[in-house]
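Enquirer: Supplied structure: run.cif, mmCIF, C-alpha atoms and all ligand atoms.
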data_data
#
loop_
_atom_site.group_PDB
_atom_site.id
_atom_site.type_symbol
_atom_site.label_atom_id
_atom_site.label_comp_id
_atom_site.auth_asym_id
_atom_site.auth_seq_id
_atom_site.Cartn_x
_atom_site.Cartn_y
_atom_site.Cartn_z
ATOM 1 C CA MET A 123 -56.740 -10.159 -15.365
ATOM 2 C CA SER A 124 -53.155 -9.305 -14.557
ATOM 3 C CA ASP A 125 -51.480 -6.795 -12.324
ATOM 4 C CA SER A 126 -47.822 -5.884 -12.539
ATOM 5 C CA SER A 127 -46.811 -8.647 -10.096
ATOM 6 C CA SER A 128 -48.948 -11.516 -11.370
ATOM 7 C CA LEU A 129 -49.316 -13.341 -14.698
ATOM 8 C CA SER A 130 -52.630 -13.155 -16.535
ATOM 9 C CA GLN A 131 -52.593 -16.966 -17.139
ATOM 10 C CA ARG A 132 -52.377 -19.949 -14.780
ATOM 11 C CA SER A 133 -50.596 -22.086 -17.408
ATOM 12 C CA LEU A 134 -48.071 -21.185 -20.096
ATOM 13 C CA LEU A 135 -49.625 -22.806 -23.156
ATOM 14 C CA GLY A 136 -48.229 -20.345 -25.695
ATOM 15 C CA ILE A 137 -47.135 -16.753 -26.181
ATOM 16 C CA ARG A 138 -50.520 -16.164 -27.784
ATOM 17 C CA GLY A 139 -52.712 -15.274 -24.833
ATOM 18 C CA LEU A 140 -49.971 -13.457 -22.907
ATOM 19 C CA THR A 141 -49.961 -9.680 -22.512
ATOM 20 C CA CYS A 142 -47.090 -7.254 -22.866
ATOM 21 C CA ALA A 143 -47.243 -6.872 -19.052
ATOM 22 C CA ASP A 144 -46.795 -10.657 -18.728
ATOM 23 C CA LEU A 145 -43.650 -10.528 -20.893
ATOM 24 C CA ASP A 146 -42.250 -7.601 -18.918
ATOM 25 C CA LEU A 147 -42.976 -9.382 -15.627
ATOM 26 C CA ILE A 148 -41.319 -12.630 -16.799
ATOM 27 C CA HIS A 149 -38.283 -10.719 -18.071
ATOM 28 C CA SER A 150 -37.868 -8.576 -14.941
ATOM 29 C CA THR A 151 -38.211 -11.681 -12.730
ATOM 30 C CA ALA A 152 -35.687 -13.501 -14.949
ATOM 31 C CA ARG A 153 -33.216 -10.641 -14.468
ATOM 32 C CA GLU A 154 -33.406 -11.191 -10.706
ATOM 33 C CA PHE A 155 -32.886 -14.940 -11.128
ATOM 34 C CA LYS A 156 -29.964 -14.304 -13.473
ATOM 35 C CA ASP A 157 -28.286 -12.415 -10.617
ATOM 36 C CA VAL A 158 -28.897 -15.454 -8.389
ATOM 37 C CA LEU A 159 -27.298 -17.735 -11.006
ATOM 38 C CA ASN A 160 -24.158 -15.612 -10.990
ATOM 39 C CA ARG A 161 -23.711 -16.013 -7.227
ATOM 40 C CA PRO A 162 -21.469 -18.714 -5.679
ATOM 41 C CA ILE A 163 -24.638 -20.351 -4.250
ATOM 42 C CA LYS A 164 -26.995 -20.547 -7.233
ATOM 43 C CA LYS A 165 -30.047 -21.798 -5.392
ATOM 44 C CA VAL A 166 -33.106 -20.191 -3.763
ATOM 45 C CA PRO A 167 -35.828 -21.923 -1.699
ATOM 46 C CA SER A 168 -38.762 -20.446 -3.693
ATOM 47 C CA LEU A 169 -40.252 -23.815 -4.799
ATOM 48 C CA ARG A 170 -39.322 -25.896 -1.752
ATOM 49 C CA ASP A 171 -42.018 -28.580 -1.165
ATOM 50 C CA PHE A 172 -43.163 -28.160 -4.795
ATOM 51 C CA THR A 173 -42.900 -31.053 -7.262
ATOM 52 C CA VAL A 174 -42.563 -30.573 -11.019
ATOM 53 C CA ALA A 175 -42.915 -33.357 -13.600
ATOM 54 C CA ASN A 176 -41.021 -32.939 -16.875
ATOM 55 C CA LEU A 177 -42.831 -34.992 -19.512
ATOM 56 C CA PHE A 178 -40.958 -35.273 -22.782
ATOM 57 C CA PHE A 179 -42.770 -37.103 -25.574
ATOM 58 C CA GLU A 180 -40.226 -35.765 -28.079
ATOM 59 C CA ASN A 181 -36.421 -35.379 -28.092
ATOM 60 C CA SER A 182 -34.746 -32.412 -26.415
ATOM 61 C CA THR A 183 -31.332 -31.403 -25.119
ATOM 62 C CA ARG A 184 -31.438 -27.691 -24.215
ATOM 63 C CA THR A 185 -35.072 -27.302 -23.123
ATOM 64 C CA ARG A 186 -35.141 -30.400 -20.986
ATOM 65 C CA LEU A 187 -31.854 -29.710 -19.202
ATOM 66 C CA SER A 188 -32.709 -26.031 -18.842
ATOM 67 C CA PHE A 189 -36.084 -26.756 -17.196
ATOM 68 C CA GLU A 190 -34.547 -29.350 -14.886
ATOM 69 C CA LEU A 191 -31.791 -26.955 -13.827
ATOM 70 C CA ALA A 192 -34.305 -24.130 -13.359
ATOM 71 C CA GLU A 193 -36.460 -26.368 -11.140
ATOM 72 C CA LYS A 194 -33.464 -27.498 -9.077
ATOM 73 C CA ARG A 195 -32.167 -23.910 -8.691
ATOM 74 C CA LEU A 196 -35.626 -23.087 -7.248
ATOM 75 C CA SER A 197 -35.331 -26.084 -4.833
ATOM 76 C CA ALA A 198 -38.284 -27.948 -6.394
ATOM 77 C CA ASP A 199 -38.472 -31.741 -6.385
ATOM 78 C CA VAL A 200 -38.238 -33.014 -9.960
ATOM 79 C CA VAL A 201 -39.453 -36.139 -11.733
ATOM 80 C CA ASN A 202 -38.533 -36.823 -15.348
ATOM 81 C CA PHE A 203 -40.517 -38.858 -17.833
ATOM 82 C CA SER A 204 -39.777 -39.680 -21.448
ATOM 83 C CA ALA A 205 -42.182 -41.483 -23.741
ATOM 84 C CA ALA A 206 -39.490 -43.931 -24.854
ATOM 85 C CA GLY A 207 -39.573 -46.879 -22.446
ATOM 86 C CA SER A 208 -42.865 -45.771 -20.812
ATOM 87 C CA SER A 209 -46.373 -47.270 -20.814
ATOM 88 C CA VAL A 210 -47.279 -44.830 -23.620
ATOM 89 C CA LYS A 211 -45.809 -47.586 -25.809
ATOM 90 C CA LYS A 212 -48.527 -49.915 -24.431
ATOM 91 C CA GLY A 213 -51.313 -47.633 -25.653
ATOM 92 C CA GLU A 214 -51.956 -45.452 -22.586
ATOM 93 C CA THR A 215 -53.628 -42.111 -23.388
ATOM 94 C CA LEU A 216 -51.995 -38.753 -22.640
ATOM 95 C CA VAL A 217 -54.648 -37.864 -20.047
ATOM 96 C CA ASP A 218 -54.293 -41.247 -18.293
ATOM 97 C CA THR A 219 -50.493 -40.937 -18.252
ATOM 98 C CA VAL A 220 -50.642 -37.437 -16.775
ATOM 99 C CA ASN A 221 -53.387 -38.265 -14.254
ATOM 100 C CA ASN A 222 -51.315 -41.199 -13.005
ATOM 101 C CA ILE A 223 -48.313 -38.920 -12.548
ATOM 102 C CA LEU A 224 -50.476 -36.293 -10.816
ATOM 103 C CA ALA A 225 -51.826 -38.966 -8.424
ATOM 104 C CA MET A 226 -48.270 -39.054 -7.059
ATOM 105 C CA LYS A 227 -48.834 -35.449 -5.824
ATOM 106 C CA VAL A 228 -47.180 -33.460 -8.605
ATOM 107 C CA ASP A 229 -47.830 -29.680 -8.541
ATOM 108 C CA MET A 230 -46.915 -28.632 -12.087
ATOM 109 C CA VAL A 231 -46.313 -30.258 -15.469
ATOM 110 C CA VAL A 232 -43.722 -29.200 -18.047
ATOM 111 C CA MET A 233 -44.417 -31.014 -21.309
ATOM 112 C CA ARG A 234 -43.003 -31.341 -24.804
ATOM 113 C CA HIS A 235 -45.308 -33.143 -27.206
ATOM 114 C CA PRO A 236 -45.243 -33.708 -30.987
ATOM 115 C CA HIS A 237 -48.925 -32.787 -31.446
ATOM 116 C CA PRO A 238 -49.883 -29.112 -31.805
ATOM 117 C CA GLY A 239 -52.514 -28.224 -29.201
ATOM 118 C CA ALA A 240 -51.719 -31.163 -26.863
ATOM 119 C CA HIS A 241 -51.127 -28.700 -24.006
ATOM 120 C CA HIS A 242 -54.438 -26.903 -24.510
ATOM 121 C CA PHE A 243 -56.204 -30.262 -24.466
ATOM 122 C CA LEU A 244 -54.377 -31.374 -21.324
ATOM 123 C CA ALA A 245 -55.018 -28.070 -19.537
ATOM 124 C CA SER A 246 -58.755 -28.625 -20.050
ATOM 125 C CA LYS A 247 -58.528 -32.068 -18.403
ATOM 126 C CA VAL A 248 -56.216 -31.627 -15.387
ATOM 127 C CA ASP A 249 -56.084 -29.182 -12.520
ATOM 128 C CA VAL A 250 -52.388 -28.201 -12.352
ATOM 129 C CA PRO A 251 -50.463 -25.530 -14.276
ATOM 130 C CA ILE A 252 -49.098 -26.791 -17.607
ATOM 131 C CA VAL A 253 -45.957 -25.346 -19.186
ATOM 132 C CA ASN A 254 -45.528 -25.846 -22.920
ATOM 133 C CA ALA A 255 -41.955 -26.926 -23.701
ATOM 134 C CA GLY A 256 -42.822 -27.240 -27.407
ATOM 135 C CA ASP A 257 -45.891 -28.636 -29.196
ATOM 136 C CA GLY A 258 -45.110 -29.927 -32.654
ATOM 137 C CA THR A 259 -44.846 -27.121 -35.205
ATOM 138 C CA HIS A 260 -47.075 -24.832 -33.130
ATOM 139 C CA GLU A 261 -45.446 -22.963 -30.199
ATOM 140 C CA HIS A 262 -42.315 -23.000 -28.038
ATOM 141 C CA PRO A 263 -43.129 -20.174 -25.640
ATOM 142 C CA THR A 264 -40.146 -20.391 -23.277
ATOM 143 C CA GLN A 265 -37.801 -20.286 -26.297
ATOM 144 C CA ALA A 266 -39.440 -17.045 -27.444
ATOM 145 C CA LEU A 267 -39.278 -15.649 -23.900
ATOM 146 C CA LEU A 268 -35.563 -16.375 -23.661
ATOM 147 C CA ASP A 269 -34.960 -15.120 -27.213
ATOM 148 C CA THR A 270 -36.660 -11.781 -26.529
ATOM 149 C CA PHE A 271 -34.923 -11.541 -23.124
ATOM 150 C CA SER A 272 -31.570 -12.038 -24.912
ATOM 151 C CA LEU A 273 -32.492 -9.530 -27.619
ATOM 152 C CA ARG A 274 -33.356 -6.925 -24.980
ATOM 153 C CA GLN A 275 -29.933 -7.533 -23.424
ATOM 154 C CA SER A 276 -28.232 -7.150 -26.785
ATOM 155 C CA LEU A 277 -30.217 -4.331 -28.469
ATOM 156 C CA GLY A 278 -31.606 -2.491 -25.444
ATOM 157 C CA GLU A 279 -34.728 -2.858 -23.332
ATOM 158 C CA ASP A 280 -37.051 -1.142 -25.825
ATOM 159 C CA LEU A 281 -37.510 -3.250 -28.965
ATOM 160 C CA THR A 282 -40.115 -0.874 -30.427
ATOM 161 C CA GLY A 283 -39.332 -0.304 -34.094
ATOM 162 C CA ARG A 284 -36.304 -2.604 -34.103
ATOM 163 C CA ASN A 285 -36.014 -4.870 -37.157
ATOM 164 C CA ILE A 286 -35.852 -8.563 -36.285
ATOM 165 C CA ALA A 287 -35.647 -11.241 -38.984
ATOM 166 C CA ILE A 288 -36.408 -14.922 -38.538
ATOM 167 C CA VAL A 289 -34.663 -16.898 -41.275
ATOM 168 C CA GLY A 290 -35.057 -20.442 -42.568
ATOM 169 C CA ASP A 291 -37.612 -23.206 -42.148
ATOM 170 C CA ILE A 292 -40.534 -21.101 -40.889
ATOM 171 C CA GLN A 293 -43.114 -23.677 -42.014
ATOM 172 C CA HIS A 294 -41.984 -26.378 -39.575
ATOM 173 C CA SER A 295 -40.863 -24.104 -36.739
ATOM 174 C CA ARG A 296 -42.616 -23.626 -33.400
ATOM 175 C CA VAL A 297 -39.843 -21.171 -32.486
ATOM 176 C CA ALA A 298 -40.864 -18.897 -35.368
ATOM 177 C CA LEU A 299 -44.517 -18.605 -34.375
ATOM 178 C CA SER A 300 -43.802 -17.989 -30.677
ATOM 179 C CA ASN A 301 -41.121 -15.430 -31.569
ATOM 180 C CA ILE A 302 -43.500 -13.618 -33.924
ATOM 181 C CA TRP A 303 -46.154 -13.281 -31.192
ATOM 182 C CA ALA A 304 -43.580 -12.155 -28.595
ATOM 183 C CA LEU A 305 -41.782 -9.676 -30.849
ATOM 184 C CA LYS A 306 -45.060 -8.132 -32.026
ATOM 185 C CA LEU A 307 -46.155 -7.721 -28.381
ATOM 186 C CA LEU A 308 -42.896 -5.857 -27.723
ATOM 187 C CA GLY A 309 -43.409 -3.557 -30.725
ATOM 188 C CA ALA A 310 -40.648 -4.910 -32.981
ATOM 189 C CA ASN A 311 -40.858 -5.059 -36.786
ATOM 190 C CA VAL A 312 -40.714 -8.722 -37.760
ATOM 191 C CA ARG A 313 -39.645 -10.170 -41.091
ATOM 192 C CA VAL A 314 -39.518 -13.849 -42.009
ATOM 193 C CA CYS A 315 -37.090 -14.907 -44.724
ATOM 194 C CA GLY A 316 -36.713 -18.234 -46.505
ATOM 195 C CA PRO A 317 -37.681 -20.196 -49.611
ATOM 196 C CA HIS A 318 -41.307 -19.898 -50.809
ATOM 197 C CA THR A 319 -41.830 -23.555 -49.912
ATOM 198 C CA LEU A 320 -40.844 -23.016 -46.257
ATOM 199 C CA ILE A 321 -42.984 -19.957 -45.480
ATOM 200 C CA PRO A 322 -46.712 -20.590 -44.861
ATOM 201 C CA LYS A 323 -48.956 -18.461 -47.082
ATOM 202 C CA HIS A 324 -51.021 -17.130 -44.145
ATOM 203 C CA LEU A 325 -48.019 -15.642 -42.360
ATOM 204 C CA SER A 326 -48.337 -12.074 -43.689
ATOM 205 C CA LYS A 327 -51.752 -11.993 -41.956
ATOM 206 C CA LEU A 328 -49.848 -12.000 -38.634
ATOM 207 C CA GLY A 329 -48.425 -8.571 -39.447
ATOM 208 C CA VAL A 330 -44.967 -9.751 -40.490
ATOM 209 C CA GLU A 331 -43.024 -8.956 -43.644
ATOM 210 C CA VAL A 332 -42.150 -11.859 -45.922
ATOM 211 C CA SER A 333 -38.899 -11.963 -47.889
ATOM 212 C CA HIS A 334 -37.116 -14.582 -49.951
ATOM 213 C CA ASP A 335 -33.887 -12.565 -50.179
ATOM 214 C CA LEU A 336 -31.377 -13.088 -47.353
ATOM 215 C CA ASP A 337 -28.987 -10.383 -48.557
ATOM 216 C CA ASP A 338 -31.735 -7.737 -48.527
ATOM 217 C CA THR A 339 -32.846 -9.025 -45.109
ATOM 218 C CA ILE A 340 -29.314 -8.683 -43.719
ATOM 219 C CA ARG A 341 -29.262 -5.018 -44.815
ATOM 220 C CA TRP A 342 -32.711 -4.459 -43.196
ATOM 221 C CA ALA A 343 -32.215 -6.215 -39.869
ATOM 222 C CA ASP A 344 -30.886 -5.317 -36.420
ATOM 223 C CA ALA A 345 -30.902 -8.992 -35.472
ATOM 224 C CA LEU A 346 -31.223 -12.311 -37.290
ATOM 225 C CA ASN A 347 -32.682 -15.431 -35.679
ATOM 226 C CA MET A 348 -31.406 -18.322 -37.822
ATOM 227 C CA LEU A 349 -33.531 -21.478 -37.814
ATOM 228 C CA ARG A 350 -32.568 -25.056 -38.536
ATOM 229 C CA ILE A 351 -33.912 -26.957 -41.524
ATOM 230 C CA GLN A 352 -36.173 -29.480 -39.780
ATOM 231 C CA LEU A 353 -35.789 -32.516 -42.025
ATOM 232 C CA GLU A 354 -37.468 -34.706 -39.386
ATOM 233 C CA ARG A 355 -40.687 -32.658 -39.774
ATOM 234 C CA GLN A 356 -40.485 -32.513 -43.579
ATOM 235 C CA GLY A 357 -41.490 -36.168 -43.937
ATOM 236 C CA SER A 358 -38.067 -37.366 -45.035
ATOM 237 C CA GLU A 359 -34.875 -37.354 -42.993
ATOM 238 C CA GLU A 360 -32.815 -38.877 -45.801
ATOM 239 C CA SER A 361 -33.603 -36.467 -48.633
ATOM 240 C CA VAL A 362 -34.802 -32.884 -48.892
ATOM 241 C CA ARG A 363 -38.270 -32.201 -50.329
ATOM 242 C CA PHE A 364 -38.808 -28.446 -50.015
ATOM 243 C CA PHE A 365 -35.750 -27.251 -51.987
ATOM 244 C CA PRO A 366 -33.459 -28.937 -54.519
ATOM 245 C CA THR A 367 -30.394 -29.697 -52.361
ATOM 246 C CA ILE A 368 -28.886 -28.716 -49.001
ATOM 247 C CA ARG A 369 -26.009 -27.131 -50.939
ATOM 248 C CA GLU A 370 -28.401 -24.891 -52.855
ATOM 249 C CA TYR A 371 -30.231 -23.964 -49.630
ATOM 250 C CA THR A 372 -26.915 -22.965 -48.045
ATOM 251 C CA MET A 373 -25.935 -20.900 -51.095
ATOM 252 C CA ARG A 374 -29.195 -18.896 -50.831
ATOM 253 C CA TYR A 375 -29.947 -18.884 -47.097
ATOM 254 C CA GLY A 376 -26.746 -19.861 -45.288
ATOM 255 C CA LEU A 377 -25.328 -17.056 -43.119
ATOM 256 C CA THR A 378 -21.620 -16.420 -43.658
ATOM 257 C CA LEU A 379 -19.250 -13.686 -42.461
ATOM 258 C CA GLU A 380 -18.989 -12.478 -46.054
ATOM 259 C CA ARG A 381 -22.758 -12.007 -46.226
ATOM 260 C CA LEU A 382 -22.844 -10.289 -42.823
ATOM 261 C CA GLY A 383 -20.311 -7.787 -44.192
ATOM 262 C CA GLN A 384 -23.150 -6.224 -46.269
ATOM 263 C CA SER A 385 -24.683 -4.744 -43.135
ATOM 264 C CA SER A 386 -23.721 -1.281 -41.968
ATOM 265 C CA LYS A 387 -24.704 -2.332 -38.411
ATOM 266 C CA SER A 388 -23.177 -4.779 -35.964
ATOM 267 C CA LEU A 389 -25.897 -7.409 -36.268
ATOM 268 C CA THR A 390 -26.967 -9.652 -33.403
ATOM 269 C CA ILE A 391 -27.078 -13.301 -34.492
ATOM 270 C CA MET A 392 -29.293 -15.811 -32.712
ATOM 271 C CA HIS A 393 -30.131 -19.476 -33.125
ATOM 272 C CA PRO A 394 -32.390 -21.602 -30.892
ATOM 273 C CA GLY A 395 -30.223 -24.699 -31.451
ATOM 274 C CA PRO A 396 -29.415 -27.355 -32.306
ATOM 275 C CA ILE A 397 -27.361 -25.670 -35.043
ATOM 276 C CA ASN A 398 -26.363 -27.289 -38.319
ATOM 277 C CA ARG A 399 -22.911 -25.792 -38.834
ATOM 278 C CA GLY A 400 -22.255 -25.093 -42.502
ATOM 279 C CA VAL A 401 -25.940 -25.334 -43.468
ATOM 280 C CA GLU A 402 -28.002 -22.388 -42.138
ATOM 281 C CA ILE A 403 -25.026 -20.783 -40.367
ATOM 282 C CA SER A 404 -21.274 -21.034 -40.860
ATOM 283 C CA SER A 405 -19.016 -21.919 -37.940
ATOM 284 C CA GLU A 406 -17.293 -18.534 -38.288
ATOM 285 C CA VAL A 407 -20.615 -16.731 -37.710
ATOM 286 C CA ALA A 408 -21.818 -19.104 -34.964
ATOM 287 C CA ASP A 409 -18.583 -18.538 -33.037
ATOM 288 C CA SER A 410 -18.190 -14.826 -33.863
ATOM 289 C CA GLU A 411 -18.665 -11.782 -31.629
ATOM 290 C CA HIS A 412 -22.032 -11.236 -33.388
ATOM 291 C CA SER A 413 -23.412 -14.501 -32.004
ATOM 292 C CA ILE A 414 -25.381 -14.608 -28.739
ATOM 293 C CA ILE A 415 -26.258 -18.298 -29.132
ATOM 294 C CA LEU A 416 -24.685 -19.414 -25.849
ATOM 295 C CA GLU A 417 -26.086 -16.358 -24.026
ATOM 296 C CA GLN A 418 -29.527 -17.531 -25.171
ATOM 297 C CA VAL A 419 -28.857 -20.915 -23.558
ATOM 298 C CA GLU A 420 -27.562 -19.269 -20.366
ATOM 299 C CA ASN A 421 -30.569 -16.932 -20.193
ATOM 300 C CA GLY A 422 -32.916 -19.890 -20.729
ATOM 301 C CA VAL A 423 -32.388 -21.136 -17.181
ATOM 302 C CA ALA A 424 -33.206 -17.745 -15.613
ATOM 303 C CA VAL A 425 -36.236 -17.252 -17.872
ATOM 304 C CA ARG A 426 -37.584 -20.724 -17.062
ATOM 305 C CA MET A 427 -37.016 -20.090 -13.345
ATOM 306 C CA ALA A 428 -39.124 -16.942 -13.746
ATOM 307 C CA VAL A 429 -41.935 -18.804 -15.537
ATOM 308 C CA LEU A 430 -42.047 -21.620 -12.960
ATOM 309 C CA TYR A 431 -41.878 -19.199 -10.034
ATOM 310 C CA LEU A 432 -44.635 -16.916 -11.375
ATOM 311 C CA LEU A 433 -46.950 -19.811 -12.231
ATOM 312 C CA ALA A 434 -46.392 -21.326 -8.777
ATOM 313 C CA GLN A 435 -47.403 -17.963 -7.240
ATOM 314 C CA LYS A 436 -50.682 -18.149 -9.179
ATOM 315 C CA ARG A 437 -51.340 -21.541 -7.615
ATOM 316 C CA GLY A 438 -51.149 -20.010 -4.125
HETATM 317 N N1 LIG A 501 -34.086 -24.996 -28.717
HETATM 318 C C1 LIG A 501 -34.592 -26.200 -28.387
HETATM 319 O O1 LIG A 501 -35.795 -26.373 -28.178
HETATM 320 O O2 LIG A 501 -33.656 -27.193 -28.306
HETATM 321 P P1 LIG A 501 -33.969 -28.695 -27.837
HETATM 322 O O3 LIG A 501 -34.813 -29.331 -28.910
HETATM 323 O O4 LIG A 501 -32.599 -29.338 -27.685
HETATM 324 O O5 LIG A 501 -34.698 -28.624 -26.528
#
So that I can check it, write out the structure of this file as C-alpha cells.
Ligand code: CP
Expert:
Amino acid sequence: MSDSSSLSQRSLLGIRGLTCADLDLIHSTAREFKDVLNRPIKKVPSLRDFTVANLFFENSTRTRLSFELAEKRLSADVVNFSAAGSSVKKGETLVDTVNNILAMKVDMVVMRHPHPGAHHFLASKVDVPIVNAGDGTHEHPTQALLDTFSLRQSLGEDLTGRNIAIVGDIQHSRVALSNIWALKLLGANVRVCGPHTLIPKHLSKLGVEVSHDLDDTIRWADALNMLRIQLERQGSEESVRFFPTIREYTMRYGLTLERLGQSSKSLTIMHPGPINRGVEISSEVADSEHSIILEQVENGVAVRMAVLYLLAQKRG
C-alpha cells in the first residue's frame, strides 16, 4: 500500500511494480533535492548514520558516480565494491558476498549486476532495501526515473498523450524496458524504433507502437530517446551481427540535424549515455539546443537522492 508520502515498495527492483503515485512522489522529492543541489552548501543530514554499499558487478561511469554523489549529498556513509579484484573472482556466491558486506552493518545496497533478476533474487535472501542500478538487459529503474523527470521538465508536468520514441538497440537495452513502464504509467504514447533485428517480437504486447522508420518517427514524436548500439551484449564487440555495418545503421537510424529538420516541433533529444558520437547521434545534435543529455545527468543525482531518501524512510 502507498500513501502520498510513502513508496509502495521497500526496495527499488524495477519500474514494474511501482505505481503512478510512487513516480510522482519520487519526482516531487527530487525537485526538492534539486533545489538543495543548487545551493552553495549542497548537503543535507537526511541519511546521517546510514551506510550504503554500492556493489558494481558491471562497468559504470554515470550511475555509479551519481549514486555515490547522491549518498554523500544526503550525508550517508558509503562503501564501494567492484567485482574486479574482489573475492567474487575466487568463486564466492552473490548472496555470500552481500551477506558479508551486510555483516559490517550496511543499511542499504545499490547494485548493478549483469544477470537479469539478480536483484529480485537478492531481495528474497537479505533483509535490507535493494536498489537496482541495472540488471543485464532487464531494467534500469533510476535511469527511467531521471529520464521521465527530465522529460517533465522539458515538455511539461503532464505527459499524458505526449509522443515519446525510444530509438535504437531496444533488444539489448534495460533503459528501454524501464522507460516503457515509466512512460506508460505517466500516460505517454510510446513508440520504439529500430531495425527488425533489434526490437523483440513481444514488445507490442506492452502497449507500445513499433516502427522501423526513423524519419516517420521524427515527424510523430515530441521527444526522442536515442539508445546506444550495445555491441558488448550482442555477443561480438569486434563485428556487428544484427545489421550489415555500423555505417548502414547510421544511415538508417543515426540522428542528424538534417533529419531533425523534418519535424514541425522543437523536439527534445535524450540519451542515457555513454553516447557513440557519429553512430546513433551526430555531435551536432548531441550538442544542440534540442539535447537535454547533460540535464539528464544533472537530474540523476537529485532523483537518486529522492529514491535513497524515500527507501530509507520505509526502513524506519
Ligand atoms: N546511463 C548509464 O547507465 O550509464 P553508465 O553505464 O555509465 O552507468
Enquirer: Could you tell me how far CA of His241 in chain A lies from CA of Lys227 in chain A, in Å and to one decimal?
Expert: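 Interatomic distance, CA of His241 in chain A to CA of Lys227 in chain A: 19.5 Å.
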Enquirer: Which residues, written as a list in words, have at least one atom at most 8 Å from range 399-404 of chain A, with all atoms listed in the file counted and residues fewer than 4 positions away on the same chain left out?
Expert: Gly290, Met348, Leu349, Arg350, Ile351, Ile368, Arg369, Tyr371, Thr372, Tyr375, Gly376, Leu377, Thr378, Leu379 and Ala408 of chain A
Enquirer: Sort by chain and increasing residue number a table of all residues of chain A within 7 Å of ligand LIG 501 (chain A), each with its closest pair of atoms and their distance in Å to one decimal, counting only C-alpha atoms and all ligand atoms, and write it as JSON lines.
Expert:
{"residue": "A:Asn181", "atom": "CA", "partner": "A:LIG501", "partner_atom": "O3", "distance": 6.3}
{"residue": "A:Ser182", "atom": "CA", "partner": "A:LIG501", "partner_atom": "O5", "distance": 3.8}
{"residue": "A:Thr183", "atom": "CA", "partner": "A:LIG501", "partner_atom": "O4", "distance": 3.5}
{"residue": "A:Arg184", "atom": "CA", "partner": "A:LIG501", "partner_atom": "O4", "distance": 4.0}
{"residue": "A:Thr185", "atom": "CA", "partner": "A:LIG501", "partner_atom": "O5", "distance": 3.7}
{"residue": "A:Arg186", "atom": "CA", "partner": "A:LIG501", "partner_atom": "O5", "distance": 5.8}
{"residue": "A:Gln265", "atom": "CA", "partner": "A:LIG501", "partner_atom": "N1", "distance": 6.5}
{"residue": "A:Pro394", "atom": "CA", "partner": "A:LIG501", "partner_atom": "N1", "distance": 4.4}
{"residue": "A:Gly395", "atom": "CA", "partner": "A:LIG501", "partner_atom": "N1", "distance": 4.7}
{"residue": "A:Pro396", "atom": "CA", "partner": "A:LIG501", "partner_atom": "O2", "distance": 5.8}
Enquirer: Mind checking which residues fall within 12 Å of His242 in chain A, counting only C-alpha atoms, ignoring those fewer than 4 positions away in the same chain, and posting them as a VMD selection string?
Expert: chain A and resid 133 to 136 138 to 139 217 233 235 237 to 238 246 to 248 251 to 254 256 to 257 260 to 261
Enquirer: Any chance you could resolve the PyMOL selection byres (((chain A and resi 193) around 10) and not hetatm) against this file and give the residues as a list in words?
Expert: Lys165, Ser168, Leu169, Arg170, Phe172, Thr173, Val174, Ala175, Asn176, Leu187, Ser188, Phe189, Glu190, Leu191, Ala192, Lys194, Arg195, Leu196, Ser197, Ala198, Asp199, Val200, Val423, Arg426, Met427, Leu430 and Tyr431 of chain A
Enquirer: So which residues touch Ala287 in chain A within 6 Å, counting only C-alpha atoms, skipping near sequence neighbours fewer than 2 positions away, as a count of residues only?
Expert: 4
Enquirer: Just give me the gap between CA of Glu411 in chain A and CA of Arg341 in chain A in Å, one decimal is fine.
Expert: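 Straight-line distance from CA of Glu411 in chain A to CA of Arg341 in chain A works out to 18.2 Å.
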Enquirer: When you look at range 270-272 of chain A with a cut-off of 12 Å (counting only C-alpha atoms), what residues show up, excluding the ones that are within fewer than 5 positions of it in the same chain? I need them as a VMD selection string.
Expert: chain A and resid 137 142 145 to 153 156 263 to 265 277 to 281 284 286 297 300 to 310 345 347 390 to 394 413 to 426 428
Enquirer: Would you pick out the contacts of Ser126 in chain A at 9 Å or less, using only C-alpha atoms, so that residues sharing its chain but fewer than 2 positions from it are not included, and give the list as a PyMOL selection string?
Expert: chain A and resi 124+128-129+143-144+146-147
Enquirer: For CA of Asn398 in chain A and CA of Val289 in chain A, quote the distance in Å rounded to one decimal.
Expert: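 About the pair CA of Asn398 in chain A and CA of Val289 in chain A: they are 13.6 Å apart.
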Enquirer: Which is closest to Ser130 in chain A among A:Ala205, A:Lys436, A:Ala343, A:Val330, if we use all atoms listed in the file?
Expert: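 Ranked by minimum distance to Ser130 in chain A, first place goes to A:Lys436.
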Enquirer: Could you check which of A:Leu159, A:Asp249, A:Val232, A:Phe179 is closest to Gly207 in chain A, using all atoms listed in the file?
Expert: A:Phe179
Enquirer: Rank nothing, just name the residue among A:Val429, A:Ile397, A:Val250, A:Ile321 nearest to Asp409 in chain A, using only C-alpha atoms.
Expert: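 Checking each of A:Val429, A:Ile397, A:Val250, A:Ile321 against Asp409 in chain A, counting only C-alpha atoms, the winner is A:Ile397.
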Enquirer: Could you tell me which of A:Lys327, A:His294, A:Arg234, A:His334 comes closest to Leu177 in chain A if we count all atoms listed in the file?
Expert: A:Arg234
Enquirer: Using the chain letters and numbers from this file, what does the PyMOL selection byres (((chain A and resi 340) around 8) and not hetatm) select? Give the answer as a PDB file with C-alpha atoms, in the coordinates of the input.
Expert:
ATOM      1  CA  LEU A 336     -31.377 -13.088 -47.353  1.00  0.00           C
ATOM      2  CA  ASP A 337     -28.987 -10.383 -48.557  1.00  0.00           C
ATOM      3  CA  ASP A 338     -31.735  -7.737 -48.527  1.00  0.00           C
ATOM      4  CA  THR A 339     -32.846  -9.025 -45.109  1.00  0.00           C
ATOM      5  CA  ARG A 341     -29.262  -5.018 -44.815  1.00  0.00           C
ATOM      6  CA  TRP A 342     -32.711  -4.459 -43.196  1.00  0.00           C
ATOM      7  CA  ALA A 343     -32.215  -6.215 -39.869  1.00  0.00           C
ATOM      8  CA  LEU A 346     -31.223 -12.311 -37.290  1.00  0.00           C
ATOM      9  CA  ARG A 381     -22.758 -12.007 -46.226  1.00  0.00           C
ATOM     10  CA  LEU A 382     -22.844 -10.289 -42.823  1.00  0.00           C
ATOM     11  CA  GLN A 384     -23.150  -6.224 -46.269  1.00  0.00           C
ATOM     12  CA  SER A 385     -24.683  -4.744 -43.135  1.00  0.00           C
TER      13      SER A 385
END
